[in-house]
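Enquirer: Here you go, work-v5.pdb (PDB, N, CA and C atoms):
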MODEL        1
ATOM      1  N   MET I 138      -4.793   1.157 -14.662
ATOM      2  CA  MET I 138      -3.548   1.465 -13.984
ATOM      3  C   MET I 138      -3.116   0.255 -13.168
ATOM      4  N   PRO I 139      -1.869  -0.163 -13.312
ATOM      5  CA  PRO I 139      -1.398  -1.332 -12.564
ATOM      6  C   PRO I 139      -1.322  -1.038 -11.065
ATOM      7  N   VAL I 140      -1.535  -2.079 -10.283
ATOM      8  CA  VAL I 140      -1.497  -1.941  -8.830
ATOM      9  C   VAL I 140      -0.058  -1.758  -8.353
ATOM     10  N   ILE I 141       0.862  -2.516  -8.930
ATOM     11  CA  ILE I 141       2.267  -2.412  -8.536
ATOM     12  C   ILE I 141       2.948  -1.427  -9.476
ATOM     13  N   THR I 142       3.212  -0.260  -8.947
ATOM     14  CA  THR I 142       3.863   0.791  -9.711
ATOM     15  C   THR I 142       5.234   1.054  -9.103
ATOM     16  N   PRO I 143       6.074   1.793  -9.801
ATOM     17  CA  PRO I 143       7.362   2.148  -9.196
ATOM     18  C   PRO I 143       7.196   2.891  -7.867
ATOM     19  N   GLU I 144       6.131   3.695  -7.753
ATOM     20  CA  GLU I 144       5.880   4.393  -6.488
ATOM     21  C   GLU I 144       5.608   3.396  -5.365
ATOM     22  N   THR I 145       4.811   2.357  -5.667
ATOM     23  CA  THR I 145       4.483   1.346  -4.671
ATOM     24  C   THR I 145       5.739   0.604  -4.234
ATOM     25  N   VAL I 146       6.563   0.235  -5.189
ATOM     26  CA  VAL I 146       7.797  -0.493  -4.876
ATOM     27  C   VAL I 146       8.713   0.374  -4.016
ATOM     28  N   SER I 147       8.864   1.651  -4.373
ATOM     29  CA  SER I 147       9.745   2.525  -3.591
ATOM     30  C   SER I 147       9.176   2.778  -2.200
ATOM     31  N   LEU I 148       7.859   2.718  -2.064
ATOM     32  CA  LEU I 148       7.236   2.906  -0.766
ATOM     33  C   LEU I 148       7.436   1.690   0.133
ATOM     34  N   LEU I 149       7.392   0.502  -0.449
ATOM     35  CA  LEU I 149       7.509  -0.728   0.341
ATOM     36  C   LEU I 149       8.947  -1.146   0.623
ATOM     37  N   THR I 150       9.880  -0.787  -0.233
ATOM     38  CA  THR I 150      11.258  -1.254  -0.126
ATOM     39  C   THR I 150      11.909  -0.993   1.232
ATOM     40  N   PRO I 151      11.825   0.209   1.796
ATOM     41  CA  PRO I 151      12.501   0.421   3.084
ATOM     42  C   PRO I 151      11.962  -0.463   4.203
ATOM     43  N   HIS I 152      10.712  -0.861   4.120
ATOM     44  CA  HIS I 152      10.101  -1.639   5.186
ATOM     45  C   HIS I 152      10.254  -3.139   4.969
ATOM     46  N   LEU I 153      10.564  -3.530   3.776
ATOM     47  CA  LEU I 153      10.679  -4.948   3.454
ATOM     48  C   LEU I 153      11.824  -5.601   4.218
ATOM     49  N   ILE I 154      12.941  -4.915   4.334
ATOM     50  CA  ILE I 154      14.104  -5.468   5.032
ATOM     51  C   ILE I 154      13.765  -5.740   6.495
ATOM     52  N   ASP I 155      13.089  -4.788   7.158
ATOM     53  CA  ASP I 155      12.697  -4.997   8.554
ATOM     54  C   ASP I 155      11.740  -6.164   8.689
ATOM     55  N   LEU I 156      10.824  -6.289   7.754
ATOM     56  CA  LEU I 156       9.859  -7.380   7.804
ATOM     57  C   LEU I 156      10.556  -8.730   7.683
ATOM     58  N   VAL I 157      11.445  -8.842   6.713
ATOM     59  CA  VAL I 157      12.169 -10.103   6.512
ATOM     60  C   VAL I 157      13.044 -10.408   7.721
ATOM     61  N   ARG I 158      13.697  -9.418   8.231
ATOM     62  CA  ARG I 158      14.554  -9.603   9.403
ATOM     63  C   ARG I 158      13.723 -10.087  10.598
ATOM     64  N   GLY I 159      12.542  -9.514  10.793
ATOM     65  CA  GLY I 159      11.680  -9.917  11.906
ATOM     66  C   GLY I 159      11.152 -11.325  11.754
ATOM     67  N   VAL I 160      10.863 -11.729  10.524
ATOM     68  CA  VAL I 160      10.324 -13.064  10.289
ATOM     69  C   VAL I 160      11.382 -14.131  10.522
ATOM     70  N   PHE I 161      12.586 -13.907  10.044
ATOM     71  CA  PHE I 161      13.615 -14.938  10.106
ATOM     72  C   PHE I 161      14.457 -14.915  11.375
ATOM     73  N   LYS I 162      14.268 -13.916  12.218
ATOM     74  CA  LYS I 162      15.076 -13.846  13.430
ATOM     75  C   LYS I 162      14.429 -14.699  14.518
ATOM     76  N   SER I 163      15.079 -15.746  14.885
ATOM     77  CA  SER I 163      14.574 -16.602  15.966
ATOM     78  C   SER I 163      15.750 -17.331  16.601
ATOM     79  N   ARG I 164      15.521 -17.802  17.790
ATOM     80  CA  ARG I 164      16.552 -18.556  18.507
ATOM     81  C   ARG I 164      16.392 -20.034  18.188
ATOM     82  N   LYS I 165      17.504 -20.724  18.135
ATOM     83  CA  LYS I 165      17.440 -22.166  17.931
ATOM     84  C   LYS I 165      17.200 -22.841  19.275
ATOM     85  N   ASP I 166      16.487 -23.932  19.219
ATOM     86  CA  ASP I 166      16.178 -24.657  20.460
ATOM     87  C   ASP I 166      17.444 -25.082  21.199
ATOM     88  N   LYS I 167      18.474 -25.456  20.465
ATOM     89  CA  LYS I 167      19.693 -25.910  21.148
ATOM     90  C   LYS I 167      20.357 -24.768  21.919
ATOM     91  N   ASP I 168      20.231 -23.521  21.426
ATOM     92  CA  ASP I 168      20.781 -22.383  22.160
ATOM     93  C   ASP I 168      20.065 -22.224  23.505
ATOM     94  N   LEU I 169      18.767 -22.493  23.501
ATOM     95  CA  LEU I 169      18.011 -22.354  24.742
ATOM     96  C   LEU I 169      18.261 -23.515  25.698
ATOM     97  N   LYS I 170      18.529 -24.693  25.166
ATOM     98  CA  LYS I 170      18.726 -25.875  26.022
ATOM     99  C   LYS I 170      20.032 -25.813  26.800
ATOM    100  N   VAL I 171      21.051 -25.210  26.227
ATOM    101  CA  VAL I 171      22.346 -25.179  26.913
ATOM    102  C   VAL I 171      22.460 -24.002  27.868
ATOM    103  N   SER I 172      21.457 -23.172  27.940
ATOM    104  CA  SER I 172      21.488 -22.004  28.819
ATOM    105  C   SER I 172      20.758 -22.302  30.121
ATOM    106  N   SER I 173      21.074 -21.492  31.128
ATOM    107  CA  SER I 173      20.358 -21.633  32.403
ATOM    108  C   SER I 173      18.955 -21.052  32.240
ATOM    109  N   GLU I 174      18.105 -21.348  33.208
ATOM    110  CA  GLU I 174      16.720 -20.869  33.124
ATOM    111  C   GLU I 174      16.669 -19.342  33.076
ATOM    112  N   GLN I 175      17.529 -18.704  33.847
ATOM    113  CA  GLN I 175      17.575 -17.238  33.859
ATOM    114  C   GLN I 175      18.003 -16.705  32.486
ATOM    115  N   GLN I 176      19.009 -17.347  31.899
ATOM    116  CA  GLN I 176      19.471 -16.922  30.574
ATOM    117  C   GLN I 176      18.389 -17.135  29.520
ATOM    118  N   VAL I 177      17.671 -18.249  29.637
ATOM    119  CA  VAL I 177      16.582 -18.530  28.689
ATOM    120  C   VAL I 177      15.524 -17.445  28.794
ATOM    121  N   LEU I 178      15.157 -17.080  30.028
ATOM    122  CA  LEU I 178      14.160 -16.028  30.204
ATOM    123  C   LEU I 178      14.646 -14.699  29.628
ATOM    124  N   GLU I 179      15.917 -14.386  29.830
ATOM    125  CA  GLU I 179      16.469 -13.145  29.279
ATOM    126  C   GLU I 179      16.444 -13.168  27.754
ATOM    127  N   ILE I 180      16.822 -14.306  27.182
ATOM    128  CA  ILE I 180      16.818 -14.445  25.725
ATOM    129  C   ILE I 180      15.394 -14.293  25.176
ATOM    130  N   LEU I 181      14.451 -14.983  25.821
ATOM    131  CA  LEU I 181      13.063 -14.916  25.360
ATOM    132  C   LEU I 181      12.478 -13.510  25.529
ATOM    133  N   ASN I 182      12.801 -12.860  26.652
ATOM    134  CA  ASN I 182      12.335 -11.490  26.857
ATOM    135  C   ASN I 182      12.911 -10.549  25.799
ATOM    136  N   LYS I 183      14.185 -10.753  25.482
ATOM    137  CA  LYS I 183      14.819  -9.939  24.449
ATOM    138  C   LYS I 183      14.133 -10.178  23.104
ATOM    139  N   ASP I 184      13.838 -11.443  22.807
ATOM    140  CA  ASP I 184      13.158 -11.769  21.550
ATOM    141  C   ASP I 184      11.781 -11.105  21.490
ATOM    142  N   VAL I 185      11.058 -11.162  22.600
ATOM    143  CA  VAL I 185       9.726 -10.557  22.642
ATOM    144  C   VAL I 185       9.830  -9.045  22.412
ATOM    145  N   LEU I 186      10.778  -8.410  23.067
ATOM    146  CA  LEU I 186      10.962  -6.964  22.880
ATOM    147  C   LEU I 186      11.317  -6.630  21.432
ATOM    148  N   GLU I 187      12.188  -7.440  20.833
ATOM    149  CA  GLU I 187      12.558  -7.199  19.440
ATOM    150  C   GLU I 187      11.359  -7.382  18.512
ATOM    151  N   LEU I 188      10.556  -8.407  18.771
ATOM    152  CA  LEU I 188       9.367  -8.635  17.952
ATOM    153  C   LEU I 188       8.354  -7.515  18.131
ATOM    154  N   GLN I 189       8.211  -7.018  19.348
ATOM    155  CA  GLN I 189       7.315  -5.890  19.574
ATOM    156  C   GLN I 189       7.790  -4.650  18.828
ATOM    157  N   GLU I 190       9.095  -4.442  18.828
ATOM    158  CA  GLU I 190       9.663  -3.290  18.121
ATOM    159  C   GLU I 190       9.421  -3.412  16.613
ATOM    160  N   VAL I 191       9.639  -4.608  16.081
ATOM    161  CA  VAL I 191       9.403  -4.834  14.655
ATOM    162  C   VAL I 191       7.923  -4.641  14.330
ATOM    163  N   ALA I 192       7.045  -5.150  15.199
ATOM    164  CA  ALA I 192       5.603  -5.001  14.966
ATOM    165  C   ALA I 192       5.195  -3.533  14.992
ATOM    166  N   THR I 193       5.784  -2.769  15.901
ATOM    167  CA  THR I 193       5.489  -1.335  15.970
ATOM    168  C   THR I 193       5.952  -0.629  14.701
ATOM    169  N   LYS I 194       7.150  -0.951  14.243
ATOM    170  CA  LYS I 194       7.661  -0.351  13.008
ATOM    171  C   LYS I 194       6.791  -0.723  11.820
ATOM    172  N   GLN I 195       6.375  -1.985  11.771
ATOM    173  CA  GLN I 195       5.531  -2.435  10.668
ATOM    174  C   GLN I 195       4.166  -1.753  10.715
ATOM    175  N   GLY I 196       3.637  -1.565  11.908
ATOM    176  CA  GLY I 196       2.364  -0.855  12.052
ATOM    177  C   GLY I 196       2.465   0.576  11.540
ATOM    178  N   ALA I 197       3.567   1.242  11.888
ATOM    179  CA  ALA I 197       3.780   2.609  11.408
ATOM    180  C   ALA I 197       3.941   2.629   9.890
ATOM    181  N   ALA I 198       4.650   1.644   9.366
ATOM    182  CA  ALA I 198       4.847   1.569   7.915
ATOM    183  C   ALA I 198       3.519   1.322   7.199
ATOM    184  N   ILE I 199       2.704   0.455   7.757
ATOM    185  CA  ILE I 199       1.399   0.173   7.148
ATOM    186  C   ILE I 199       0.519   1.420   7.191
ATOM    187  N   ALA I 200       0.570   2.156   8.288
ATOM    188  CA  ALA I 200      -0.208   3.391   8.379
ATOM    189  C   ALA I 200       0.246   4.397   7.318
ATOM    190  N   GLU I 201       1.548   4.512   7.132
ATOM    191  CA  GLU I 201       2.096   5.423   6.115
ATOM    192  C   GLU I 201       1.650   4.994   4.712
ATOM    193  N   ILE I 202       1.727   3.709   4.457
ATOM    194  CA  ILE I 202       1.315   3.184   3.155
ATOM    195  C   ILE I 202      -0.174   3.443   2.936
ATOM    196  N   ALA I 203      -0.981   3.223   3.974
ATOM    197  CA  ALA I 203      -2.429   3.440   3.859
ATOM    198  C   ALA I 203      -2.744   4.901   3.564
ATOM    199  N   GLN I 204      -2.023   5.828   4.198
ATOM    200  CA  GLN I 204      -2.241   7.250   3.938
ATOM    201  C   GLN I 204      -1.909   7.595   2.493
ATOM    202  N   LYS I 205      -0.823   7.053   1.994
ATOM    203  CA  LYS I 205      -0.433   7.337   0.616
ATOM    204  C   LYS I 205      -1.411   6.705  -0.368
ATOM    205  N   ILE I 206      -1.919   5.529  -0.041
ATOM    206  CA  ILE I 206      -2.913   4.885  -0.907
ATOM    207  C   ILE I 206      -4.196   5.710  -0.919
ATOM    208  N   ASP I 207      -4.623   6.198   0.246
ATOM    209  CA  ASP I 207      -5.816   7.045   0.301
ATOM    210  C   ASP I 207      -5.639   8.296  -0.546
ATOM    211  N   ALA I 208      -4.464   8.903  -0.454
ATOM    212  CA  ALA I 208      -4.203  10.102  -1.267
ATOM    213  C   ALA I 208      -4.263   9.761  -2.754
ATOM    214  N   ARG I 209      -3.696   8.636  -3.132
ATOM    215  CA  ARG I 209      -3.712   8.227  -4.544
ATOM    216  C   ARG I 209      -5.127   7.941  -5.011
ATOM    217  N   PHE I 210      -5.938   7.280  -4.174
ATOM    218  CA  PHE I 210      -7.327   7.033  -4.539
ATOM    219  C   PHE I 210      -8.082   8.349  -4.713
ATOM    220  N   GLY I 211      -7.786   9.328  -3.883
ATOM    221  CA  GLY I 211      -8.406  10.651  -4.041
ATOM    222  C   GLY I 211      -8.054  11.259  -5.389
ATOM    223  N   GLN I 212      -6.786  11.145  -5.778
ATOM    224  CA  GLN I 212      -6.361  11.648  -7.084
ATOM    225  C   GLN I 212      -7.077  10.912  -8.206
ATOM    226  N   LEU I 213      -7.179   9.594  -8.078
ATOM    227  CA  LEU I 213      -7.849   8.800  -9.110
ATOM    228  C   LEU I 213      -9.338   9.131  -9.203
ATOM    229  N   GLU I 214      -9.976   9.388  -8.060
ATOM    230  CA  GLU I 214     -11.388   9.767  -8.075
ATOM    231  C   GLU I 214     -11.583  11.100  -8.778
ATOM    232  N   GLN I 215     -10.692  12.059  -8.529
ATOM    233  CA  GLN I 215     -10.765  13.351  -9.212
ATOM    234  C   GLN I 215     -10.588  13.175 -10.712
ATOM    235  N   GLU I 216      -9.636  12.341 -11.098
ATOM    236  CA  GLU I 216      -9.392  12.094 -12.512
ATOM    237  C   GLU I 216     -10.602  11.417 -13.152
ATOM    238  N   LEU I 217     -11.224  10.506 -12.442
ATOM    239  CA  LEU I 217     -12.416   9.832 -12.954
ATOM    240  C   LEU I 217     -13.563  10.820 -13.139
ATOM    241  N   ARG I 218     -13.765  11.709 -12.179
ATOM    242  CA  ARG I 218     -14.805  12.732 -12.320
ATOM    243  C   ARG I 218     -14.540  13.615 -13.530
ATOM    244  N   ARG I 219     -13.282  13.977 -13.732
ATOM    245  CA  ARG I 219     -12.918  14.811 -14.883
ATOM    246  C   ARG I 219     -13.186  14.060 -16.181
ATOM    247  N   GLN I 220     -12.835  12.785 -16.206
ATOM    248  CA  GLN I 220     -13.072  11.978 -17.411
ATOM    249  C   GLN I 220     -14.574  11.833 -17.683
ATOM    250  N   LYS I 221     -15.381  11.695 -16.647
ATOM    251  CA  LYS I 221     -16.831  11.616 -16.817
ATOM    252  C   LYS I 221     -17.375  12.908 -17.413
ATOM    253  N   MET I 222     -16.873  14.039 -16.925
ATOM    254  CA  MET I 222     -17.323  15.331 -17.449
ATOM    255  C   MET I 222     -16.936  15.479 -18.916
ATOM    256  N   ILE I 223     -15.743  15.075 -19.260
ATOM    257  CA  ILE I 223     -15.300  15.138 -20.656
ATOM    258  C   ILE I 223     -16.162  14.221 -21.523
ATOM    259  N   SER I 224     -16.464  13.040 -21.023
ATOM    260  CA  SER I 224     -17.317  12.104 -21.772
ATOM    261  C   SER I 224     -18.715  12.668 -21.961
ATOM    262  N   LEU I 225     -19.255  13.281 -20.920
ATOM    263  CA  LEU I 225     -20.578  13.891 -21.012
ATOM    264  C   LEU I 225     -20.578  15.028 -22.028
ATOM    265  N   ALA I 226     -19.546  15.860 -21.985
ATOM    266  CA  ALA I 226     -19.438  16.963 -22.953
ATOM    267  C   ALA I 226     -19.321  16.413 -24.369
ATOM    268  N   ALA I 227     -18.540  15.360 -24.544
ATOM    269  CA  ALA I 227     -18.392  14.761 -25.876
ATOM    270  C   ALA I 227     -19.726  14.192 -26.355
ATOM    271  N   ALA I 228     -20.505  13.593 -25.468
ATOM    272  CA  ALA I 228     -21.806  13.051 -25.840
ATOM    273  C   ALA I 228     -22.759  14.170 -26.246
ATOM    274  N   VAL I 229     -22.743  15.271 -25.506
ATOM    275  CA  VAL I 229     -23.590  16.417 -25.848
ATOM    276  C   VAL I 229     -23.207  16.966 -27.217
ATOM    277  N   VAL I 230     -21.922  17.120 -27.465
ATOM    278  CA  VAL I 230     -21.453  17.617 -28.761
ATOM    279  C   VAL I 230     -21.884  16.652 -29.880
ATOM    280  N   ALA I 231     -21.796  15.353 -29.639
ATOM    281  CA  ALA I 231     -22.196  14.374 -30.645
ATOM    282  C   ALA I 231     -23.692  14.457 -30.933
ATOM    283  N   VAL I 232     -24.511  14.619 -29.904
ATOM    284  CA  VAL I 232     -25.966  14.739 -30.095
ATOM    285  C   VAL I 232     -26.295  16.014 -30.861
ATOM    286  N   VAL I 233     -25.650  17.117 -30.504
ATOM    287  CA  VAL I 233     -25.888  18.382 -31.221
ATOM    288  C   VAL I 233     -25.464  18.247 -32.671
ATOM    289  N   ALA I 234     -24.309  17.626 -32.908
ATOM    290  CA  ALA I 234     -23.840  17.439 -34.286
ATOM    291  C   ALA I 234     -24.798  16.573 -35.084
ATOM    292  N   ALA I 235     -25.315  15.503 -34.462
ATOM    293  CA  ALA I 235     -26.271  14.637 -35.145
ATOM    294  C   ALA I 235     -27.559  15.400 -35.430
ATOM    295  N   GLY I 236     -27.995  16.229 -34.494
ATOM    296  CA  GLY I 236     -29.204  17.034 -34.706
ATOM    297  C   GLY I 236     -29.018  18.017 -35.842
ATOM    298  N   ILE I 237     -27.876  18.671 -35.885
ATOM    299  CA  ILE I 237     -27.584  19.623 -36.981
ATOM    300  C   ILE I 237     -27.541  18.878 -38.299
ATOM    301  N   ALA I 238     -26.925  17.726 -38.341
ATOM    302  CA  ALA I 238     -26.852  16.953 -39.585
ATOM    303  C   ALA I 238     -28.246  16.539 -40.050
ATOM    304  N   LEU I 239     -29.115  16.137 -39.132
ATOM    305  CA  LEU I 239     -30.470  15.764 -39.485
ATOM    306  C   LEU I 239     -31.268  16.938 -40.017
ATOM    307  N   VAL I 240     -31.116  18.104 -39.381
ATOM    308  CA  VAL I 240     -31.831  19.310 -39.821
ATOM    309  C   VAL I 240     -31.365  19.716 -41.203
ATOM    310  N   ARG I 241     -30.106  19.655 -41.501
ATOM    311  CA  ARG I 241     -29.563  20.059 -42.811
ATOM    312  C   ARG I 241     -29.967  19.098 -43.927
ATOM    313  N   THR I 242     -30.178  17.835 -43.597
ATOM    314  CA  THR I 242     -30.559  16.876 -44.646
ATOM    315  C   THR I 242     -32.033  16.957 -44.981
ATOM    316  N   MET I 243     -32.835  17.626 -44.204
ATOM    317  CA  MET I 243     -34.269  17.718 -44.490
ATOM    318  C   MET I 243     -34.575  18.796 -45.446
TER     319      MET I 243
ENDMDL
END
Let me see the structure of the file written as structure tokens.
Expert:
Amino acid sequence: MPVITPETVSLLTPHLIDLVRGVFKSRKDKDLKVSSEQQVLEILNKDVLELQEVATKQGAAIAEIAQKIDARFGQLEQELRRQKMISLAAAVVAVVAAGIALVRTM
């Protein structure tokens, strides 16, 4: 099963925009140089608050993604157990069939 599925893409898409916005949002040095010290502090404080907000949103998004991945792994583990049982049953049937064939040829 591929790691990147349509479910994965649809799960990540809403959070991707916030991530990109948080990464590329920054103040230019020249904007800070032409401002007073008080304005610079206000700008920097605003930037810090915005980055904290983005980090909080990203943390929540990662937690949501992790929960969905855990649920999917649980489903895959159940499917694997079922496949093992089917394989075991098929092996038993094959051994019985081989035993019957051997008995009939004697």
Enquirer: For region 221-232 of chain I, what centre and edge lengths in Å (one decimal) does the axis-aligned box get once 6 Å is added on each side of all its listed atoms, as AutoDock Vina command-line options?
Expert:
--center_x -20.8 --center_y 14.6 --center_z -23.8 --size_x 23.0 --size_y 18.0 --size_z 26.3
Enquirer: Quick check, in Å to one decimal: how far apart do CA of Met222 (chain I) and atom N of Asp207 (chain I) lie?
Expert: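 Those two atoms sit 23.6 Å apart.
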Enquirer: For Ile202 (chain I), please output as a short mmCIF file (atom, residue, chain, number, x, y, z; two decimals) with N, CA and C atoms, in the frame of the given file all residues within 8 Å (counting all atoms listed in the file; exclusion window: fewer than 5 positions along the same chain).
Expert:
data_model
loop_
_atom_site.label_atom_id
_atom_site.label_comp_id
_atom_site.auth_asym_id
_atom_site.auth_seq_id
_atom_site.Cartn_x
_atom_site.Cartn_y
_atom_site.Cartn_z
N LEU I 148 7.86 2.72 -2.06
CA LEU I 148 7.24 2.91 -0.77
C LEU I 148 7.44 1.69 0.13
N LEU I 149 7.39 0.50 -0.45
CA LEU I 149 7.51 -0.73 0.34
C LEU I 149 8.95 -1.15 0.62
N GLY I 196 3.64 -1.56 11.91
CA GLY I 196 2.36 -0.86 12.05
C GLY I 196 2.46 0.58 11.54
N ALA I 197 3.57 1.24 11.89
CA ALA I 197 3.78 2.61 11.41
C ALA I 197 3.94 2.63 9.89
N ASP I 207 -4.62 6.20 0.25
CA ASP I 207 -5.82 7.04 0.30
C ASP I 207 -5.64 8.30 -0.55
N ALA I 208 -4.46 8.90 -0.45
CA ALA I 208 -4.20 10.10 -1.27
C ALA I 208 -4.26 9.76 -2.75
#
Enquirer: Would you compute the distance between CA of Gln204 (chain I) and CA of Thr150 (chain I)? Give it in Å to one decimal.
Expert: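 Computing it gives 16.5 Å between the two atoms.
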Enquirer: Please indicate the distance in Å from CA of Gly236 (chain I) to CA of Ser224 (chain I), rounded to one decimal place.
Expert: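 We find that CA of Gly236 (chain I) and CA of Ser224 (chain I) lie 18.2 Å from each other.
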